[in-house]
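Worksheet for the structure shown next.
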Amino acid sequence: MTVLVIAEHDRGEVPIATFEALTAARTLAASMDDTVEVVALGDESAQIAPDLALHGAEVVHTIMSPVLSDYGPEAYAEAVVALVNAISPSAVVASGTSRGNEVLAGVAARLDVAFAANVVAAEKSAGGFSVTRQQWGGSLLEDVDLDARVAVLSFAHHSIEPTEAPAAGTVSTFNVDLPDELARTVIKDRTVTSAGVTLATAPVVVSGGRGMGNAEAFAMLEELAELLGGRVGCSRAVTNNGWRNHSDQVGQTGTRIAPEVYLACGISGATQHWVGAMGSKNVIAINTDAEANLVTKAGHAVIADLHEIVPAIIEEVKKRQG
Amino acid sequence: MMRVLVCVKRVPAPGSRINITDDEQDVDTAHLGFTTSPHEECALEEAVQIVEREGGEVVVLTVGPAEAEEQLRYAASVGGTSFVLVPTDGTALDPQRTASIITQAVNESESEGGQFDLILFGNESADSAGFQVGVRVAHALGRPMVNGIKGIEVGESTFTAQRAIDGGLEVYEVPRPAVLGILEGINLPRYPTMKGRLASRKAVIGEAPIDSDAGGLRRVRLHRPEETVSQTIMLPTEAAAAATAVVDLLEELGVMGGES
Ligand SMILES: Cc1cc2nc3c(=O)[nH]c(=O)nc-3n(C[C@H](O)[C@H](O)[C@H](O)COP(=O)(O)OP(=O)(O)OC[C@H]3O[C@@H](n4cnc5c(N)ncnc54)[C@H](O)[C@@H]3O)c2cc1C
């Protein structure tokens with residue numbers, strides 16, 4: 001049988017998340033003697049096939065339709081379901097991205113089967129599949145029995161290192177008539193809000209929590225972030241107080257970051273904050289409380305008042321940068 | 001006039017660590033407060049703002065234990081107009097079952113009070129994070145649904161919805177009636193006012209006893225991921241010495257260049 005992977009792409013650009021999903025799918029398929037096949041949707045689907053083959057796709061099913069001209073959750077789900085009904089895979093998988101989870105939820109709803117989101121481990125069991133999935137943004141794991149004629153799973157983004165495994169990547173065109181009505185949820189337009197380095201991709205994040213005391217204190221974090229070519233982050237206590245925009249929030253309901261350096265000032269490190277920051281390579285905490293969770297999680301800490309330490313750091317950086 | 005439904009979930013609010021009950025079936029909430037899942041708190045605020053502009057009503061629905069009345073009363077204090085609790089025995093329901101219960105509750109409410117122009121969910125629940133209940137309900141109702149929404153404009157026959165992606169927004173234009181999944185950050189939820197607290201006390205909580213069959217996901221156990229323990233190196237606490245140590249570190253890690 002087949003493990004069918006849904007390839008994400010944005011106008012022909014395949015995100016690393018899809019290669020993570022392909023890597024995880026290969027392990028699952030190998031454990032069941034299945035082959036890995038991929039479904040790619042829209043006009044660019046044939047063009048991305050070589051990249052998908054490089055990561056293990058034996059077959060790339062391409063589906064073209066006017067309603068697949070750009071991403072749309074309903075059109076994507078309908079198209080995948082048509083293919084699933086035709087080739088009867090043992091599993092349909094994608095990466096647990098915003099789109100991946102949305103499409104798989106739509107696929108599972110249409111097939112009337114279960115869907116396990118953000119899976120970190122999955123294997124065939126006597127009655128179906130044994131699956132471990134993330135809850136609470138990854139602070140907690142849940143083992144579940146998944147009982148369905150086809151396993152619908154998303155693999156947690158960032159939980160696996162994508163690897164290459166060249167395969168045939170035979171392109172196979174799948175024809176299906178999708179109703180025009182599905183255009184109702186296709187992207188109509190896009191706007192760019194910030195070009196260049198974003199909080200999610202910044203090499204340095206200088207972050208402030210309730211310990212900052214007020215909105216004005218963030219001026220010094222702005223200055224330090226600017227000097228280091230980084231971005232300012234914050235905790236939810238800060239956004240709830242209206243000190244910073246939510247787009248700066250790091251955490252479970254904010255942005256997940258993975259900078260080289262995370263400098264956390266006056267942040268206690270609640271689980272919901274930490275799951276957003278734990279991808280950081282190096283964590284430095286400035287906190288008056290040596291017992292704060294973020295201090296115990298950090299590689300380095302300064303146990304002192306941030307209002308004294310941050311200005312001193314700015315001076316020192318300026319001095320050395322000349 | 002708009003009839004808006006907001007579906008919210010009562011979740012615990014753990015701090016530095018999430019503890020698990022001895023039978024490994026649930027989060028140990030013995031010493032925890034409860035809250036409305038944050039994305040849904042914003043969904044509620046959005047619904048209230050829409051109805052303040054357009055007129056109409058905000059119906060708030062929760063499937064949960066009797067204690068979830070607390071979250072409905074909170075919703076009353078920040079602008080909700082009517083409230084429905086579908087009581088459970090408190091054990092976690094699988095997402096197919098929850099979706100089926102909500103679909104039935106929507107059908108019941110619509111047969112009495114008229115169609116909802118808009119149904120709002122949170123993007124995903126804070127605790128179980130299944131990423132599917134809203135999509136399943138929308139499919140069962142035959143209505144369009146988009147998740148990840150950080151902006152809504154109400155049009156004559158459509159909603160223009162903005163979805164957040166890294167560094168930008170995608171724009172969708174969905175016909176009414178529609179279902180949208182909301183992300184925290186679409187607004188800053190208001191705090192209850194004095195008047196709101198009064199409304200909360202007086203609010204009538206409707207009970208809708210509805211159930212459905214279990215779906216295909218069955219919880220075996222909860223556990224915590226392996227924690228990486230780090231030996232925290234304590235740097236000097238005096239300002240100038242601390243700054244020297246921190247900047248030495250930044251240099252060592254190669255992030256002093258300032259290029260972005
Ligand atoms: C479902 C859910 C989702 C959530 N999602 C998120 C999320 O995405 N992101 C997030 O951040 N939170 C999230 N939270 C909130 C989270 O639980 C915490 O409430 C929040 O992270 C606390 O923010 P804080 O650390 O800034 O504040 P606090 O916990 O109040 O900590 C302030 C810290 O500042 C220190 N401090 C005070 N003064 C000084 C000083 N002068 N110098 C140095 N240190 C000082 C204190 O010692 C303390 O450690 C969520 C909560 C729930 C329930």
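To be explicit about the labels: the chains of the structure tokens are called A, B, and onward in the order shown, and within each one the residues are counted from 1, while ligands get numbers from 1 in the order they are shown.
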
At a cut-off of 9 Å, using only C-alpha atoms, what residues contact Val275 of chain A? Leave out same-chain residues fewer than 2 positions from it and give the result as a PyMOL selection string. chain A and resi 136-139+250-252+256+270-273+277-279

Using only C-alpha atoms and all ligand atoms, find each protein or nucleic acid residue lying at most 7 Å from ligand 1; present the set as a PDB file with N, CA, C and O atoms, in the first residue's frame.
ATOM      1  N   GLY A 208      11.284  40.896  26.293  1.00  0.00           N
ATOM      2  CA  GLY A 208      10.952  41.444  27.605  1.00  0.00           C
ATOM      3  C   GLY A 208       9.647  40.899  28.131  1.00  0.00           C
ATOM      4  O   GLY A 208       8.724  40.620  27.369  1.00  0.00           O
ATOM      5  N   GLY A 209       9.556  40.747  29.469  1.00  0.00           N
ATOM      6  CA  GLY A 209       8.342  40.268  30.116  1.00  0.00           C
ATOM      7  C   GLY A 209       7.765  41.303  31.058  1.00  0.00           C
ATOM      8  O   GLY A 209       8.117  42.491  30.981  1.00  0.00           O
ATOM      9  N   ARG A 210       6.916  40.848  31.954  1.00  0.00           N
ATOM     10  CA  ARG A 210       6.263  41.749  32.897  1.00  0.00           C
ATOM     11  C   ARG A 210       7.284  42.549  33.696  1.00  0.00           C
ATOM     12  O   ARG A 210       7.033  43.693  34.091  1.00  0.00           O
ATOM     13  N   GLY A 211       8.469  41.958  33.903  1.00  0.00           N
ATOM     14  CA  GLY A 211       9.527  42.642  34.670  1.00  0.00           C
ATOM     15  C   GLY A 211      10.000  43.930  34.028  1.00  0.00           C
ATOM     16  O   GLY A 211      10.677  44.726  34.670  1.00  0.00           O
ATOM     17  N   MET A 212       9.639  44.181  32.757  1.00  0.00           N
ATOM     18  CA  MET A 212      10.012  45.435  32.099  1.00  0.00           C
ATOM     19  C   MET A 212       9.303  46.612  32.763  1.00  0.00           C
ATOM     20  O   MET A 212       9.800  47.734  32.749  1.00  0.00           O
ATOM     21  N   CYS A 234       8.411  39.360  23.194  1.00  0.00           N
ATOM     22  CA  CYS A 234       7.823  39.627  24.508  1.00  0.00           C
ATOM     23  C   CYS A 234       6.993  38.445  24.964  1.00  0.00           C
ATOM     24  O   CYS A 234       6.777  37.494  24.225  1.00  0.00           O
ATOM     25  N   SER A 235       6.548  38.520  26.217  1.00  0.00           N
ATOM     26  CA  SER A 235       5.673  37.485  26.766  1.00  0.00           C
ATOM     27  C   SER A 235       4.214  37.933  26.635  1.00  0.00           C
ATOM     28  O   SER A 235       3.929  39.081  26.292  1.00  0.00           O
ATOM     29  N   ARG A 236       3.303  37.020  26.948  1.00  0.00           N
ATOM     30  CA  ARG A 236       1.883  37.329  26.834  1.00  0.00           C
ATOM     31  C   ARG A 236       1.436  38.333  27.895  1.00  0.00           C
ATOM     32  O   ARG A 236       0.488  39.094  27.676  1.00  0.00           O
ATOM     33  N   ALA A 237       2.136  38.349  29.040  1.00  0.00           N
ATOM     34  CA  ALA A 237       1.807  39.344  30.054  1.00  0.00           C
ATOM     35  C   ALA A 237       1.962  40.742  29.454  1.00  0.00           C
ATOM     36  O   ALA A 237       1.189  41.657  29.746  1.00  0.00           O
ATOM     37  N   VAL A 238       2.954  40.898  28.599  1.00  0.00           N
ATOM     38  CA  VAL A 238       3.246  42.188  27.967  1.00  0.00           C
ATOM     39  C   VAL A 238       2.176  42.557  26.932  1.00  0.00           C
ATOM     40  O   VAL A 238       1.677  43.688  26.916  1.00  0.00           O
ATOM     41  N   GLN A 249       4.786  38.599  20.301  1.00  0.00           N
ATOM     42  CA  GLN A 249       4.671  37.589  21.367  1.00  0.00           C
ATOM     43  C   GLN A 249       5.309  36.255  20.991  1.00  0.00           C
ATOM     44  O   GLN A 249       5.019  35.690  19.943  1.00  0.00           O
ATOM     45  N   VAL A 250       6.148  35.770  21.888  1.00  0.00           N
ATOM     46  CA  VAL A 250       6.783  34.468  21.724  1.00  0.00           C
ATOM     47  C   VAL A 250       5.981  33.447  22.532  1.00  0.00           C
ATOM     48  O   VAL A 250       5.621  33.717  23.671  1.00  0.00           O
ATOM     49  N   GLY A 251       5.687  32.278  21.943  1.00  0.00           N
ATOM     50  CA  GLY A 251       5.033  31.242  22.742  1.00  0.00           C
ATOM     51  C   GLY A 251       4.005  30.432  22.002  1.00  0.00           C
ATOM     52  O   GLY A 251       3.868  30.524  20.785  1.00  0.00           O
ATOM     53  N   GLN A 252       3.281  29.655  22.797  1.00  0.00           N
ATOM     54  CA  GLN A 252       2.282  28.724  22.267  1.00  0.00           C
ATOM     55  C   GLN A 252       1.251  29.424  21.400  1.00  0.00           C
ATOM     56  O   GLN A 252       0.877  28.916  20.351  1.00  0.00           O
ATOM     57  N   THR A 253       0.758  30.574  21.843  1.00  0.00           N
ATOM     58  CA  THR A 253      -0.241  31.288  21.057  1.00  0.00           C
ATOM     59  C   THR A 253       0.376  32.507  20.373  1.00  0.00           C
ATOM     60  O   THR A 253      -0.327  33.386  19.909  1.00  0.00           O
ATOM     61  N   GLY A 254       1.698  32.539  20.332  1.00  0.00           N
ATOM     62  CA  GLY A 254       2.401  33.600  19.622  1.00  0.00           C
ATOM     63  C   GLY A 254       3.290  32.985  18.557  1.00  0.00           C
ATOM     64  O   GLY A 254       2.898  32.066  17.870  1.00  0.00           O
ATOM     65  N   CYS A 265      14.504  39.061  29.199  1.00  0.00           N
ATOM     66  CA  CYS A 265      14.605  40.015  30.298  1.00  0.00           C
ATOM     67  C   CYS A 265      13.288  40.108  31.067  1.00  0.00           C
ATOM     68  O   CYS A 265      12.273  40.520  30.506  1.00  0.00           O
ATOM     69  N   GLY A 266      13.304  39.724  32.332  1.00  0.00           N
ATOM     70  CA  GLY A 266      12.104  39.851  33.166  1.00  0.00           C
ATOM     71  C   GLY A 266      10.969  38.962  32.712  1.00  0.00           C
ATOM     72  O   GLY A 266       9.803  39.358  32.726  1.00  0.00           O
ATOM     73  N   ILE A 267      11.311  37.743  32.270  1.00  0.00           N
ATOM     74  CA  ILE A 267      10.310  36.752  31.850  1.00  0.00           C
ATOM     75  C   ILE A 267      10.451  35.536  32.754  1.00  0.00           C
ATOM     76  O   ILE A 267      11.558  35.020  32.930  1.00  0.00           O
ATOM     77  N   SER A 268       9.328  35.061  33.328  1.00  0.00           N
ATOM     78  CA  SER A 268       9.419  33.959  34.291  1.00  0.00           C
ATOM     79  C   SER A 268       9.617  32.610  33.594  1.00  0.00           C
ATOM     80  O   SER A 268      10.227  31.707  34.154  1.00  0.00           O
ATOM     81  N   GLY A 269       9.081  32.472  32.386  1.00  0.00           N
ATOM     82  CA  GLY A 269       9.277  31.215  31.662  1.00  0.00           C
ATOM     83  C   GLY A 269       8.200  30.184  31.902  1.00  0.00           C
ATOM     84  O   GLY A 269       8.477  28.999  32.115  1.00  0.00           O
ATOM     85  N   ALA A 270       6.938  30.612  31.850  1.00  0.00           N
ATOM     86  CA  ALA A 270       5.811  29.675  31.923  1.00  0.00           C
ATOM     87  C   ALA A 270       5.902  28.696  30.747  1.00  0.00           C
ATOM     88  O   ALA A 270       6.481  29.017  29.721  1.00  0.00           O
ATOM     89  N   THR A 271       5.324  27.508  30.922  1.00  0.00           N
ATOM     90  CA  THR A 271       5.391  26.482  29.858  1.00  0.00           C
ATOM     91  C   THR A 271       4.961  27.041  28.510  1.00  0.00           C
ATOM     92  O   THR A 271       5.585  26.751  27.497  1.00  0.00           O
ATOM     93  N   GLN A 272       3.898  27.863  28.514  1.00  0.00           N
ATOM     94  CA  GLN A 272       3.373  28.347  27.239  1.00  0.00           C
ATOM     95  C   GLN A 272       4.316  29.353  26.580  1.00  0.00           C
ATOM     96  O   GLN A 272       4.262  29.556  25.379  1.00  0.00           O
ATOM     97  N   HIS A 273       5.157  29.994  27.381  1.00  0.00           N
ATOM     98  CA  HIS A 273       6.176  30.860  26.791  1.00  0.00           C
ATOM     99  C   HIS A 273       7.351  30.000  26.302  1.00  0.00           C
ATOM    100  O   HIS A 273       7.834  30.162  25.182  1.00  0.00           O
ATOM    101  N   GLY A 276       7.563  28.227  22.910  1.00  0.00           N
ATOM    102  CA  GLY A 276       7.858  29.071  21.762  1.00  0.00           C
ATOM    103  C   GLY A 276       9.327  29.427  21.643  1.00  0.00           C
ATOM    104  O   GLY A 276       9.793  29.809  20.578  1.00  0.00           O
ATOM    105  N   ILE A 286      17.901  37.388  32.111  1.00  0.00           N
ATOM    106  CA  ILE A 286      18.161  38.430  33.107  1.00  0.00           C
ATOM    107  C   ILE A 286      16.915  38.499  33.973  1.00  0.00           C
ATOM    108  O   ILE A 286      15.826  38.811  33.480  1.00  0.00           O
ATOM    109  N   ASN A 287      17.064  38.166  35.250  1.00  0.00           N
ATOM    110  CA  ASN A 287      15.898  38.061  36.109  1.00  0.00           C
ATOM    111  C   ASN A 287      16.339  38.266  37.553  1.00  0.00           C
ATOM    112  O   ASN A 287      17.424  37.829  37.936  1.00  0.00           O
ATOM    113  N   THR A 288      15.489  38.922  38.353  1.00  0.00           N
ATOM    114  CA  THR A 288      15.828  39.129  39.762  1.00  0.00           C
ATOM    115  C   THR A 288      15.630  37.847  40.573  1.00  0.00           C
ATOM    116  O   THR A 288      16.111  37.751  41.697  1.00  0.00           O
ATOM    117  N   ASP A 289      14.916  36.890  39.990  1.00  0.00           N
ATOM    118  CA  ASP A 289      14.568  35.663  40.710  1.00  0.00           C
ATOM    119  C   ASP A 289      15.381  34.481  40.168  1.00  0.00           C
ATOM    120  O   ASP A 289      15.154  34.013  39.055  1.00  0.00           O
ATOM    121  N   ALA A 292      13.410  31.441  38.926  1.00  0.00           N
ATOM    122  CA  ALA A 292      12.478  31.523  37.795  1.00  0.00           C
ATOM    123  C   ALA A 292      12.757  30.397  36.807  1.00  0.00           C
ATOM    124  O   ALA A 292      13.910  30.029  36.575  1.00  0.00           O
ATOM    125  N   ALA A 304      19.803  39.881  38.457  1.00  0.00           N
ATOM    126  CA  ALA A 304      19.862  41.303  38.811  1.00  0.00           C
ATOM    127  C   ALA A 304      18.712  42.042  38.135  1.00  0.00           C
ATOM    128  O   ALA A 304      17.962  41.450  37.347  1.00  0.00           O
ATOM    129  N   ASP A 305      18.611  43.342  38.454  1.00  0.00           N
ATOM    130  CA  ASP A 305      17.550  44.173  37.893  1.00  0.00           C
ATOM    131  C   ASP A 305      17.863  44.481  36.422  1.00  0.00           C
ATOM    132  O   ASP A 305      18.894  45.085  36.117  1.00  0.00           O
ATOM    133  N   LEU A 306      16.958  44.109  35.552  1.00  0.00           N
ATOM    134  CA  LEU A 306      17.183  44.315  34.120  1.00  0.00           C
ATOM    135  C   LEU A 306      17.355  45.792  33.772  1.00  0.00           C
ATOM    136  O   LEU A 306      18.026  46.133  32.793  1.00  0.00           O
ATOM    137  N   HIS A 307      16.744  46.682  34.563  1.00  0.00           N
ATOM    138  CA  HIS A 307      16.838  48.118  34.267  1.00  0.00           C
ATOM    139  C   HIS A 307      18.254  48.652  34.452  1.00  0.00           C
ATOM    140  O   HIS A 307      18.598  49.706  33.948  1.00  0.00           O
TER     141      HIS A 307
ATOM    142  N   PRO B  12      -7.401  24.529  31.680  1.00  0.00           N
ATOM    143  CA  PRO B  12      -6.619  24.928  32.844  1.00  0.00           C
ATOM    144  C   PRO B  12      -5.516  25.907  32.444  1.00  0.00           C
ATOM    145  O   PRO B  12      -5.148  25.973  31.275  1.00  0.00           O
ATOM    146  N   ALA B  13      -5.001  26.665  33.414  1.00  0.00           N
ATOM    147  CA  ALA B  13      -3.927  27.626  33.151  1.00  0.00           C
ATOM    148  C   ALA B  13      -2.702  27.252  33.973  1.00  0.00           C
ATOM    149  O   ALA B  13      -2.454  27.807  35.043  1.00  0.00           O
ATOM    150  N   PRO B  14      -1.923  26.304  33.487  1.00  0.00           N
ATOM    151  CA  PRO B  14      -0.742  25.878  34.238  1.00  0.00           C
ATOM    152  C   PRO B  14       0.390  26.886  34.154  1.00  0.00           C
ATOM    153  O   PRO B  14       0.427  27.708  33.248  1.00  0.00           O
ATOM    154  N   GLY B  15       1.326  26.814  35.093  1.00  0.00           N
ATOM    155  CA  GLY B  15       2.441  27.760  35.132  1.00  0.00           C
ATOM    156  C   GLY B  15       3.716  27.168  34.559  1.00  0.00           C
ATOM    157  O   GLY B  15       3.791  26.875  33.383  1.00  0.00           O
ATOM    158  N   THR B  35      -9.354  28.972  32.486  1.00  0.00           N
ATOM    159  CA  THR B  35      -9.554  30.141  31.648  1.00  0.00           C
ATOM    160  C   THR B  35     -10.215  29.713  30.348  1.00  0.00           C
ATOM    161  O   THR B  35     -10.383  28.523  30.097  1.00  0.00           O
ATOM    162  N   SER B  37      -9.740  29.308  26.490  1.00  0.00           N
ATOM    163  CA  SER B  37      -8.621  29.122  25.582  1.00  0.00           C
ATOM    164  C   SER B  37      -8.350  30.458  24.847  1.00  0.00           C
ATOM    165  O   SER B  37      -9.280  31.085  24.354  1.00  0.00           O
ATOM    166  N   PRO B  38      -7.078  30.952  24.827  1.00  0.00           N
ATOM    167  CA  PRO B  38      -6.802  32.324  24.360  1.00  0.00           C
ATOM    168  C   PRO B  38      -7.312  32.678  22.956  1.00  0.00           C
ATOM    169  O   PRO B  38      -7.821  33.778  22.755  1.00  0.00           O
ATOM    170  N   ALA B 126      -6.219  25.302  23.375  1.00  0.00           N
ATOM    171  CA  ALA B 126      -4.925  25.466  24.042  1.00  0.00           C
ATOM    172  C   ALA B 126      -4.417  24.145  24.600  1.00  0.00           C
ATOM    173  O   ALA B 126      -3.221  23.899  24.614  1.00  0.00           O
ATOM    174  N   ASP B 127      -5.328  23.285  25.053  1.00  0.00           N
ATOM    175  CA  ASP B 127      -4.878  22.054  25.706  1.00  0.00           C
ATOM    176  C   ASP B 127      -4.687  20.906  24.707  1.00  0.00           C
ATOM    177  O   ASP B 127      -3.569  20.534  24.394  1.00  0.00           O
TER     178      ASP B 127
END

I need the contact residues of chain A against chain B, so if you could list those with any atom within 6 Å, counting only C-alpha atoms, and return them as number ranges by chain, that would help. A: 105, 109, 114, 117, 135-136, 140-147, 184-185, 187-194, 227-229, 246, 270-271, 297-304, 309, 312-313

May I have the selected residues written with N, CA and C atoms, as a short mmCIF file (atom, residue, chain, number, x, y, z; two decimals), in the first residue's frame?
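Heads up, here's the output in selection39.cif:
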data_model
loop_
_atom_site.label_atom_id
_atom_site.label_comp_id
_atom_site.auth_asym_id
_atom_site.auth_seq_id
_atom_site.Cartn_x
_atom_site.Cartn_y
_atom_site.Cartn_z
N ALA A 105 -7.57 18.20 8.33
CA ALA A 105 -8.85 18.23 9.05
C ALA A 105 -9.99 18.14 8.04
N ALA A 109 -12.62 15.09 7.74
CA ALA A 109 -14.05 15.39 7.84
C ALA A 109 -14.79 14.74 6.67
N ALA A 114 -10.89 9.63 11.82
CA ALA A 114 -10.15 10.40 12.82
C ALA A 114 -8.97 11.12 12.18
N ALA A 117 -3.34 15.32 14.98
CA ALA A 117 -2.50 16.45 14.59
C ALA A 117 -1.21 16.47 15.40
N GLN A 135 0.38 17.95 22.70
CA GLN A 135 -0.66 18.83 23.21
C GLN A 135 0.04 20.07 23.77
N TRP A 136 -0.73 21.08 24.12
CA TRP A 136 -0.17 22.28 24.75
C TRP A 136 1.05 22.80 23.99
N LEU A 140 3.33 18.86 26.36
CA LEU A 140 2.75 17.62 26.85
C LEU A 140 2.58 16.68 25.66
N LEU A 141 2.72 15.37 25.90
CA LEU A 141 2.50 14.39 24.84
C LEU A 141 1.33 13.49 25.20
N GLU A 142 0.60 13.08 24.17
CA GLU A 142 -0.54 12.19 24.36
C GLU A 142 -0.34 10.97 23.48
N ASP A 143 -0.39 9.78 24.09
CA ASP A 143 -0.42 8.55 23.30
C ASP A 143 -1.87 8.26 22.97
N VAL A 144 -2.16 8.01 21.70
CA VAL A 144 -3.54 7.70 21.31
C VAL A 144 -3.58 6.44 20.44
N ASP A 145 -4.70 5.71 20.54
CA ASP A 145 -5.00 4.66 19.57
C ASP A 145 -5.83 5.29 18.48
N LEU A 146 -5.38 5.12 17.25
CA LEU A 146 -6.11 5.69 16.13
C LEU A 146 -6.74 4.55 15.36
N ASP A 147 -8.07 4.59 15.31
CA ASP A 147 -8.82 3.51 14.68
C ASP A 147 -9.51 4.08 13.45
N ARG A 184 -14.56 29.59 -3.25
CA ARG A 184 -14.97 30.51 -2.16
C ARG A 184 -13.94 30.61 -1.05
N THR A 185 -13.06 29.60 -0.90
CA THR A 185 -12.04 29.72 0.15
C THR A 185 -10.62 29.73 -0.43
N ILE A 187 -7.27 31.71 -1.75
CA ILE A 187 -6.64 33.01 -1.49
C ILE A 187 -6.97 34.00 -2.60
N LYS A 188 -7.40 35.20 -2.21
CA LYS A 188 -7.75 36.23 -3.19
C LYS A 188 -6.61 37.21 -3.40
N ASP A 189 -5.82 37.40 -2.34
CA ASP A 189 -4.82 38.47 -2.38
C ASP A 189 -3.81 38.23 -1.26
N ARG A 190 -2.69 38.96 -1.34
CA ARG A 190 -1.68 38.84 -0.28
C ARG A 190 -1.15 40.23 0.03
N THR A 191 -0.75 40.44 1.28
CA THR A 191 -0.05 41.68 1.61
C THR A 191 1.20 41.34 2.40
N VAL A 192 2.27 42.09 2.16
CA VAL A 192 3.52 41.90 2.89
C VAL A 192 3.53 42.91 4.03
N THR A 193 3.68 42.44 5.27
CA THR A 193 3.68 43.37 6.40
C THR A 193 5.10 43.70 6.85
N SER A 194 6.01 42.74 6.75
CA SER A 194 7.40 43.05 7.10
C SER A 194 8.33 42.27 6.19
N LEU A 227 21.18 47.06 17.40
CA LEU A 227 22.64 46.94 17.40
C LEU A 227 23.08 45.53 16.99
N LEU A 228 22.28 44.53 17.37
CA LEU A 228 22.67 43.14 17.12
C LEU A 228 22.01 42.57 15.86
N GLY A 229 21.26 43.38 15.15
CA GLY A 229 20.57 42.89 13.95
C GLY A 229 19.48 41.89 14.29
N HIS A 246 0.80 42.07 19.53
CA HIS A 246 0.82 40.61 19.63
C HIS A 246 1.82 39.97 18.66
N ALA A 270 6.94 30.61 31.85
CA ALA A 270 5.81 29.68 31.92
C ALA A 270 5.90 28.70 30.75
N THR A 271 5.32 27.51 30.92
CA THR A 271 5.39 26.48 29.86
C THR A 271 4.96 27.04 28.51
N LYS A 297 16.23 27.12 32.89
CA LYS A 297 16.30 26.58 31.53
C LYS A 297 17.44 27.22 30.73
N ALA A 298 17.91 28.39 31.18
CA ALA A 298 18.90 29.14 30.39
C ALA A 298 20.30 28.55 30.52
N GLY A 299 21.13 28.79 29.51
CA GLY A 299 22.54 28.40 29.59
C GLY A 299 23.30 29.37 30.48
N HIS A 300 22.93 30.65 30.41
CA HIS A 300 23.58 31.69 31.21
C HIS A 300 22.52 32.60 31.81
N ALA A 301 22.79 33.11 33.01
CA ALA A 301 21.83 34.02 33.64
C ALA A 301 22.54 35.11 34.43
N VAL A 302 21.90 36.27 34.43
CA VAL A 302 22.32 37.36 35.30
C VAL A 302 21.18 37.59 36.29
N ILE A 303 21.47 37.38 37.57
CA ILE A 303 20.43 37.55 38.59
C ILE A 303 20.52 38.98 39.11
N ALA A 304 19.80 39.88 38.46
CA ALA A 304 19.86 41.30 38.81
C ALA A 304 18.71 42.04 38.13
N ILE A 309 21.02 46.26 34.10
CA ILE A 309 21.88 45.40 33.27
C ILE A 309 21.76 45.74 31.78
N ALA A 312 23.70 48.78 30.56
CA ALA A 312 25.14 48.50 30.63
C ALA A 312 25.56 47.63 29.43
N ILE A 313 24.71 46.67 29.04
CA ILE A 313 25.02 45.82 27.88
C ILE A 313 25.07 46.68 26.61
#

Members of segment 17-201 of chain A assigned strand (DSSP E) by DSSP, as a ChimeraX atom specification: /A:35-41,59-63,91-95,115-124,129-135,140-146,151-155,170-173,189-192

Using only C-alpha atoms, determine which residues lie at most 9 Å from Gly56 of chain B, disregarding the query and same-chain residues fewer than 5 positions distant; provide the list as number ranges by chain. B: 1-4, 50-51

Exercise: Val3 of chain A partners within 6 Å, only C-alpha atoms, chain neighbours under 6 positions left out, as a PyMOL selection string: chain A and resi 29+36+89-91

Go ahead and save the residues from that selection, with N, CA, C and O atoms, as an mmCIF file, in the first residue's frame.
data_model
loop_
_atom_site.group_PDB
_atom_site.id
_atom_site.type_symbol
_atom_site.label_atom_id
_atom_site.label_comp_id
_atom_site.auth_asym_id
_atom_site.auth_seq_id
_atom_site.Cartn_x
_atom_site.Cartn_y
_atom_site.Cartn_z
ATOM 1 N N ALA A 29 6.270 4.405 6.289
ATOM 2 C CA ALA A 29 6.041 3.517 5.147
ATOM 3 C C ALA A 29 6.932 2.278 5.251
ATOM 4 O O ALA A 29 6.470 1.146 5.029
ATOM 5 N N VAL A 36 6.153 5.414 -0.589
ATOM 6 C CA VAL A 36 5.812 6.808 -0.330
ATOM 7 C C VAL A 36 5.419 7.474 -1.643
ATOM 8 O O VAL A 36 6.191 7.463 -2.604
ATOM 9 N N PRO A 89 -4.820 4.699 0.017
ATOM 10 C CA PRO A 89 -3.582 4.605 0.782
ATOM 11 C C PRO A 89 -3.852 4.101 2.205
ATOM 12 O O PRO A 89 -4.991 4.148 2.667
ATOM 13 N N SER A 90 -2.804 3.626 2.877
ATOM 14 C CA SER A 90 -2.980 3.237 4.286
ATOM 15 C C SER A 90 -2.937 4.467 5.186
ATOM 16 O O SER A 90 -3.492 4.467 6.280
ATOM 17 N N ALA A 91 -2.256 5.530 4.722
ATOM 18 C CA ALA A 91 -2.169 6.754 5.523
ATOM 19 C C ALA A 91 -2.083 7.978 4.613
ATOM 20 O O ALA A 91 -1.526 7.903 3.516
#

For segment 49-54 of chain A, please output as number ranges by chain all residues within 6 Å (counting only C-alpha atoms; exclusion window: fewer than 2 positions along the same chain). A: 46-47, 56-57, 164-167, 169

Here atom CA of Lys202 of chain B and atom CA of Val48 of chain B stand apart by 18.3 Å

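When DSSP reads the backbone of this structure, the residues of segment 96-180 of chain A it assigns to helix (DSSP H, G or I) are A:Ser98, A:Arg99, A:Gly100, A:Asn101, A:Glu102, A:Val103, A:Leu104, A:Ala105, A:Gly106, A:Val107, A:Ala108, A:Ala109, A:Arg110, A:Leu111, A:Trp136, A:Gly137, A:Gly138, A:Asp180.
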
What gap, in Å, lies between atom CA of Glu57 of chain B and atom CA of Ile210 of chain B?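 Here the two named atoms are 22.9 Å from each other.
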
Give me, please, the distance in Å between atom CA of Ala82 of chain A and atom CA of Val38 of chain A, quoted to one decimal.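 Interatomic distance here is 14.0 Å.
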
Would you pick out the contacts of Val80 of chain A at 12 Å or less, using only C-alpha atoms, so that residues sharing its chain but fewer than 6 positions from it are not included, and give the list as a ChimeraX atom specification? /A:4-7,38-42,61-64,68,73-74,86-89,92-94,103-108,110-111,152,174-176,178
